[in-house]
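Q: This structure is in structure tokens; I'll ask about it shortly.
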Amino acid sequence: MFLKFRFLLGVIGIYYAFINIGILQEKIFKHNYGTSDKPSPKFEYPFSTTIGQMFLSTLFGLGALIYQRQKLLCTFKETVKMGILNYSAIASASVALQFVSFPLQALTKSCKILSVLIVGLILGGVQFTRQQIFCGVFVTFGILLFNISESKGAGGETSIIGVLLLLVSLFSDGMLATTQQQIKEHKKITNWEFQFSLSVCSLIASIIQVFFYDYWGFLDLLQKYPNLSLDLLFYSFYGLLGQISIFYTLSHSTPLHLAIVTTSRKFLTVLTSILLHGHKMIILQWLALILVAFGLYIELRSSYEKDAEKTKLKMMKVKMPESFDDPNHKQVDEKSSFISEKQKKKT
């Protein structure tokens with residue numbers, strides 16, 4: 001009962017943090033912080049959404065490593081590679097918001113299977129299951145349909161630059177997942193070390209990127225619109241809360257349960273954006289959402305079947321020593337039969 005309560009607590013934390021992140025991200029890049037007469041300029045400082053979040057995540061991850069007295073097992077090369085990929089995924093998705101609507105960005109980022117397919121097709125040497133192919137077809141067709149029909153339903157916000165940036169983000173996500181899996185195969189890396197490694201490199205990359213932008217203009221923007229500073233601060237806080245909630249949930253459940261929670265959360269973020277910001281949706285866009293949802297359902301069902309098969313194999317291995325093929329079991333049988341024969345002779 002207490003374990004279920006902990007799992008529920010983690011789920012609430014994930015929903016609360018990431019839905020608020022979605023709301024604030026769209027507000028920062030799309031909202032007018034000025035007046036109708038003097039509107040605020042278009043927000044063009046994507047690095048600002050990562051600096052605060054990565055700074056807090058780096059501090060928390062380092063604190064967790066010190067508290068648990070864990071040594072860093074990742075090499076410098078592995079840490080830098082993961083950090084660059086993580087920053088590329090986050091920054092590309094943030095910049096894409098300048099060229100696409102938030103529902104399209106959130107819908108594309110919610111499809112983890114697309115990142116796996118993109119990396120597999122580009123690098124090659126990866127065999128996909130039938131379920132993955134079906135899932136990829138439904139998800140890709142759904143996103144394309146949403147993208148094509150967006151010009152009618154969302155005021156023509158989408159451009160080819162935004163779509164390319166989303167593809168870069170997906171590729172980086174897929175490469176990051178592949179890199180982490182390769183590291184896990186030969187090292188026992190904890191989630192806190194992954195968080196620290198990803199955050200510290202992303203923080204450094206964000207600071208470097210500042211010098212490629214008009215940072216004086218950014219500071220002037222914060223001075224003119226204090227509400228923007230507050231939104232950026234809360235964005236960083238919710239980002240840290242979301243990461244902690246994910247690790248907390250994973251420690252009290254299975255990866256499959258976490259996948260179901262995060263997938264449903266992403267769809268709730270899209271629906272919240274549609275309802276809260278009044279995005280105009282036509283029938284084709286709702287159909288696209290249904291197609292993507294069905295594709296993700298196939299992915300989750302496939303993961304459930306794999307998880308059930310692994311559990312079944314583990315159960316079979318546990319029961320193996322009790323079988324008649326076990327030599328210890330045969331020795332016990334021989335001893336018992338020998339004792340019974342001696343008893344018969346005595347009688």
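Here's how to read the names in the structure tokens: chain A, B, ... by the order shown, residue numbers from 1 in each chain, ligand numbers from 1 in the order shown.
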What's around Val261 (chain A) at 10 Å? Count only C-alpha atoms, leave out sequence neighbours fewer than 5 positions away in its own chain, and write the answer as a tab-separated table (two decimals) with all heavy atoms, in the first residue's frame.

A:
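Dumped to result02.tsv:
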chain	number	residue	atom	x	y	z
A	10	GLY	N	4.94	10.12	-7.13
A	10	GLY	CA	5.85	10.39	-8.24
A	10	GLY	C	5.10	10.78	-9.51
A	10	GLY	O	5.51	11.68	-10.24
A	11	VAL	N	3.98	10.09	-9.77
A	11	VAL	CA	3.16	10.38	-10.96
A	11	VAL	C	2.59	11.80	-10.89
A	11	VAL	O	2.62	12.56	-11.88
A	11	VAL	CB	2.01	9.36	-11.10
A	11	VAL	CG1	1.03	9.77	-12.20
A	11	VAL	CG2	2.58	7.98	-11.41
A	12	ILE	N	2.10	12.18	-9.72
A	12	ILE	CA	1.56	13.53	-9.54
A	12	ILE	C	2.67	14.57	-9.78
A	12	ILE	O	2.44	15.61	-10.42
A	12	ILE	CB	0.97	13.70	-8.12
A	12	ILE	CG1	-0.29	12.84	-7.98
A	12	ILE	CG2	0.64	15.17	-7.83
A	12	ILE	CD1	-0.83	12.77	-6.56
A	14	ILE	N	5.31	14.25	-11.73
A	14	ILE	CA	5.61	14.29	-13.17
A	14	ILE	C	4.56	15.11	-13.91
A	14	ILE	O	4.89	16.00	-14.72
A	14	ILE	CB	5.68	12.85	-13.75
A	14	ILE	CG1	6.93	12.14	-13.22
A	14	ILE	CG2	5.71	12.88	-15.28
A	14	ILE	CD1	7.02	10.68	-13.60
A	15	TYR	N	3.29	14.81	-13.65
A	15	TYR	CA	2.21	15.55	-14.33
A	15	TYR	C	2.28	17.05	-14.00
A	15	TYR	O	2.21	17.90	-14.90
A	15	TYR	CB	0.84	15.00	-13.90
A	15	TYR	CG	0.45	13.72	-14.58
A	15	TYR	CD1	-0.48	12.85	-13.99
A	15	TYR	CD2	1.00	13.34	-15.78
A	15	TYR	CE1	-0.84	11.66	-14.61
A	15	TYR	CE2	0.65	12.16	-16.40
A	15	TYR	CZ	-0.27	11.33	-15.81
A	15	TYR	OH	-0.62	10.16	-16.41
A	246	ILE	N	10.77	11.91	-12.00
A	246	ILE	CA	11.01	10.76	-12.88
A	246	ILE	C	11.88	9.72	-12.17
A	246	ILE	O	11.56	8.52	-12.16
A	246	ILE	CB	11.67	11.22	-14.19
A	246	ILE	CG1	10.64	11.93	-15.09
A	246	ILE	CG2	12.27	10.04	-14.95
A	246	ILE	CD1	11.21	12.49	-16.37
A	249	THR	N	9.88	8.10	-9.32
A	249	THR	CA	8.88	7.14	-9.83
A	249	THR	C	9.54	5.87	-10.31
A	249	THR	O	9.04	4.76	-10.05
A	249	THR	CB	8.08	7.78	-10.98
A	249	THR	OG1	7.51	9.02	-10.54
A	249	THR	CG2	6.95	6.86	-11.44
A	255	PRO	N	10.26	0.41	-15.57
A	255	PRO	CA	10.39	1.32	-16.72
A	255	PRO	C	9.13	1.37	-17.58
A	255	PRO	O	8.83	2.40	-18.18
A	255	PRO	CB	11.56	0.71	-17.50
A	255	PRO	CG	12.38	0.01	-16.47
A	255	PRO	CD	11.38	-0.54	-15.49
A	256	LEU	N	8.39	0.25	-17.65
A	256	LEU	CA	7.16	0.23	-18.43
A	256	LEU	C	6.12	1.17	-17.84
A	256	LEU	O	5.47	1.94	-18.56
A	256	LEU	CB	6.60	-1.20	-18.50
A	256	LEU	CG	5.27	-1.36	-19.25
A	256	LEU	CD1	5.41	-0.95	-20.70
A	256	LEU	CD2	4.75	-2.79	-19.15
A	266	LYS	N	2.59	13.63	-21.89
A	266	LYS	CA	2.86	14.43	-23.08
A	266	LYS	C	1.58	14.77	-23.83
A	266	LYS	O	1.42	15.89	-24.34
A	266	LYS	CB	3.84	13.68	-23.99
A	266	LYS	CG	5.26	13.64	-23.41
A	266	LYS	CD	6.14	12.66	-24.14
A	266	LYS	CE	7.51	12.56	-23.48
A	266	LYS	NZ	8.36	11.51	-24.05

Q: I want to know what sits within 12 Å of His252 (chain A), based on only C-alpha atoms, with residues of the same chain fewer than 5 positions away left out; could you give that as a list in words?

A: Met1, Phe2, Leu3, Lys4, Phe5, Arg6, Phe7, Leu8, Leu9, Gly10, Val11, Ser245, Ile246, Phe247, His257 and Leu258 of chain A

Q: Please produce an output containing N, CA and C atoms for each residue in the selection, written as a PDB file, in the first residue's frame.

A:
ATOM      1  N   MET A   1       0.833  -1.211   0.000  1.00  0.00           N
ATOM      2  CA  MET A   1       0.000   0.000   0.000  1.00  0.00           C
ATOM      3  C   MET A   1       0.865   1.258   0.000  1.00  0.00           C
ATOM      4  N   PHE A   2       1.931   1.250   0.834  1.00  0.00           N
ATOM      5  CA  PHE A   2       2.823   2.401   0.908  1.00  0.00           C
ATOM      6  C   PHE A   2       3.598   2.580  -0.393  1.00  0.00           C
ATOM      7  N   LEU A   3       3.928   1.437  -1.054  1.00  0.00           N
ATOM      8  CA  LEU A   3       4.635   1.495  -2.336  1.00  0.00           C
ATOM      9  C   LEU A   3       3.756   2.146  -3.403  1.00  0.00           C
ATOM     10  N   LYS A   4       2.461   1.811  -3.398  1.00  0.00           N
ATOM     11  CA  LYS A   4       1.524   2.417  -4.353  1.00  0.00           C
ATOM     12  C   LYS A   4       1.391   3.913  -4.113  1.00  0.00           C
ATOM     13  N   PHE A   5       1.401   4.305  -2.829  1.00  0.00           N
ATOM     14  CA  PHE A   5       1.313   5.728  -2.502  1.00  0.00           C
ATOM     15  C   PHE A   5       2.538   6.478  -3.028  1.00  0.00           C
ATOM     16  N   ARG A   6       3.729   5.866  -2.887  1.00  0.00           N
ATOM     17  CA  ARG A   6       4.952   6.494  -3.395  1.00  0.00           C
ATOM     18  C   ARG A   6       4.908   6.628  -4.916  1.00  0.00           C
ATOM     19  N   PHE A   7       4.430   5.582  -5.581  1.00  0.00           N
ATOM     20  CA  PHE A   7       4.301   5.624  -7.038  1.00  0.00           C
ATOM     21  C   PHE A   7       3.335   6.727  -7.453  1.00  0.00           C
ATOM     22  N   LEU A   8       2.212   6.824  -6.764  1.00  0.00           N
ATOM     23  CA  LEU A   8       1.216   7.859  -7.062  1.00  0.00           C
ATOM     24  C   LEU A   8       1.795   9.250  -6.829  1.00  0.00           C
ATOM     25  N   LEU A   9       2.594   9.392  -5.789  1.00  0.00           N
ATOM     26  CA  LEU A   9       3.224  10.673  -5.481  1.00  0.00           C
ATOM     27  C   LEU A   9       4.179  11.086  -6.616  1.00  0.00           C
ATOM     28  N   GLY A  10       4.939  10.118  -7.128  1.00  0.00           N
ATOM     29  CA  GLY A  10       5.847  10.392  -8.238  1.00  0.00           C
ATOM     30  C   GLY A  10       5.099  10.776  -9.506  1.00  0.00           C
ATOM     31  N   VAL A  11       3.975  10.090  -9.771  1.00  0.00           N
ATOM     32  CA  VAL A  11       3.160  10.382 -10.961  1.00  0.00           C
ATOM     33  C   VAL A  11       2.591  11.803 -10.892  1.00  0.00           C
ATOM     34  N   SER A 245      11.127  13.828 -10.000  1.00  0.00           N
ATOM     35  CA  SER A 245       9.913  13.002  -9.998  1.00  0.00           C
ATOM     36  C   SER A 245      10.083  11.768 -10.863  1.00  0.00           C
ATOM     37  N   ILE A 246      10.774  11.914 -11.998  1.00  0.00           N
ATOM     38  CA  ILE A 246      11.010  10.765 -12.881  1.00  0.00           C
ATOM     39  C   ILE A 246      11.880   9.725 -12.171  1.00  0.00           C
ATOM     40  N   PHE A 247      12.985  10.166 -11.563  1.00  0.00           N
ATOM     41  CA  PHE A 247      13.863   9.232 -10.855  1.00  0.00           C
ATOM     42  C   PHE A 247      13.153   8.593  -9.660  1.00  0.00           C
ATOM     43  N   HIS A 257       5.946   1.123 -16.519  1.00  0.00           N
ATOM     44  CA  HIS A 257       4.993   2.019 -15.864  1.00  0.00           C
ATOM     45  C   HIS A 257       5.383   3.482 -16.080  1.00  0.00           C
ATOM     46  N   LEU A 258       6.682   3.751 -16.010  1.00  0.00           N
ATOM     47  CA  LEU A 258       7.152   5.118 -16.230  1.00  0.00           C
ATOM     48  C   LEU A 258       6.884   5.559 -17.659  1.00  0.00           C
TER      49      LEU A 258
END

Q: Just the residues within 12 Å of Ile66 (chain A), please, counting only C-alpha atoms, with nothing from its chain fewer than 6 positions along; format it as JSON, numbers by chain.

A: {"A": [59, 60, 72, 192, 193, 196]}

Q: What does the distance from CA of Gly34 (chain A) to CA of Ser229 (chain A) come to in Å, to one decimal?

A: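 Separation of CA of Gly34 (chain A) and CA of Ser229 (chain A): 13.5 Å.
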
Q: May I ask which of the residues A:Pro41, A:Gly22, A:Gly52, A:Gly63 is the closest one to Ser206 (chain A), counting only C-alpha atoms?

A: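 Closest candidate: A:Gly52.
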
Q: Would you please work out which residue, of A:Leu228, A:Ile298, A:Gly83, A:Asn191, is nearest to Leu250 (chain A) when using only C-alpha atoms?

A: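 Closest to Leu250 (chain A) of all the choices is A:Asn191.
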
Q: Can you tell me, as number ranges by chain, what residues are no more than 10 Å from Gln180 (chain A) when counting only C-alpha atoms, ignoring any on the same chain fewer than 6 positions away?

A: A: 78, 82, 189, 194

Q: Could you tell me which of A:Gly13, A:Pro103, A:Pro39, A:Gly61 comes closest to His277 (chain A) if we count only C-alpha atoms?

A: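 Selected residue with least distance to His277 (chain A): A:Pro103.
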
Q: For a test of reading the model, state the distance in Å between CA of Tyr235 (chain A) and CA of Pro46 (chain A), rounded to one decimal.

A: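 One can read the CA of Tyr235 (chain A) to CA of Pro46 (chain A) distance as 12.4 Å.
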
Q: What is the distance, in Å and to one decimal place, between CA of Gln70 (chain A) and CA of Ser236 (chain A)?

A: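 Interatomic distance here is 25.6 Å.
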
Q: Let me make sure I understand: among A:Tyr238, A:Phe146, A:Phe102, A:Phe76, which one has the smallest atom-to-atom distance to Gly162 (chain A) if we use only C-alpha atoms?

A: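 Checking each of A:Tyr238, A:Phe146, A:Phe102, A:Phe76 against Gly162 (chain A), counting only C-alpha atoms, the winner is A:Phe102.
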
Q: Counting only C-alpha atoms, what is within 12 Å of Phe237 (chain A), bar same-chain residues fewer than 6 positions away, as number ranges by chain?

A: A: 16-18, 20-21, 24, 49-57, 60, 230-231, 243-244

Q: Could you write out that same residue set with C-alpha atoms as a compact mmCIF listing (two decimals), in the first residue's frame?

A:
# COMPACT_ATOMS: atom_id res chain seq x y z
CA TYR A 16 2.41 18.75 -12.29
CA ALA A 17 5.99 19.62 -13.30
CA PHE A 18 5.90 18.86 -17.02
CA ASN A 20 3.60 23.53 -16.13
CA ILE A 21 6.84 23.37 -18.16
CA LEU A 24 5.52 28.24 -19.45
CA THR A 49 15.40 28.26 -20.84
CA THR A 50 18.27 25.82 -20.24
CA ILE A 51 20.80 27.76 -18.14
CA GLY A 52 18.66 28.00 -15.00
CA GLN A 53 17.28 24.47 -15.31
CA MET A 54 20.71 22.90 -15.91
CA PHE A 55 22.29 24.93 -13.10
CA LEU A 56 19.75 23.62 -10.56
CA SER A 57 19.98 20.06 -11.95
CA PHE A 60 21.10 18.67 -7.14
CA LEU A 230 9.62 35.15 -13.04
CA ASP A 231 8.45 32.73 -15.74
CA GLN A 243 13.68 15.18 -13.24
CA ILE A 244 13.46 14.34 -9.54

Q: Taking the DSSP assignment computed from this structure's backbone, write out as JSON, numbers by chain all residues of region 42-255 of chain A that belong to helix (DSSP H, G or I).

A: {"A": [48, 49, 50, 51, 52, 53, 54, 55, 56, 57, 58, 59, 60, 61, 62, 63, 64, 65, 66, 67, 76, 77, 78, 79, 80, 81, 82, 83, 84, 85, 86, 87, 88, 89, 90, 91, 92, 93, 94, 95, 96, 102, 103, 104, 105, 106, 107, 108, 109, 112, 113, 114, 115, 116, 117, 118, 119, 120, 121, 122, 123, 130, 131, 132, 133, 134, 135, 136, 137, 138, 139, 140, 141, 142, 143, 144, 145, 146, 147, 148, 149, 150, 151, 152, 153, 160, 161, 162, 163, 164, 165, 166, 167, 168, 169, 170, 171, 172, 173, 174, 175, 176, 177, 178, 179, 180, 181, 182, 183, 184, 185, 186, 191, 192, 193, 194, 195, 196, 197, 198, 199, 200, 201, 202, 203, 204, 205, 206, 207, 208, 209, 210, 215, 216, 217, 218, 219, 220, 221, 222, 223, 224, 226, 227, 228, 229, 230, 231, 232, 233, 234, 235, 236, 237, 238, 239, 240, 241, 242, 243, 244, 245, 246, 247, 248, 249, 250, 251, 255]}

Q: Which is closer to Ile282 (chain A) than all the others in A:Ser101, A:Asn86, A:Ser36, A:Leu145, using only C-alpha atoms?

A: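 Of the candidates, the smallest distance to Ile282 (chain A) is held by A:Leu145.
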
Q: Hey, what's within 12 Å of Phe211 (chain A) if we count only C-alpha atoms and toss same-chain stuff fewer than 6 positions away? As a ChimeraX atom specification, please?

A: /A:45,47,204-205,217-218
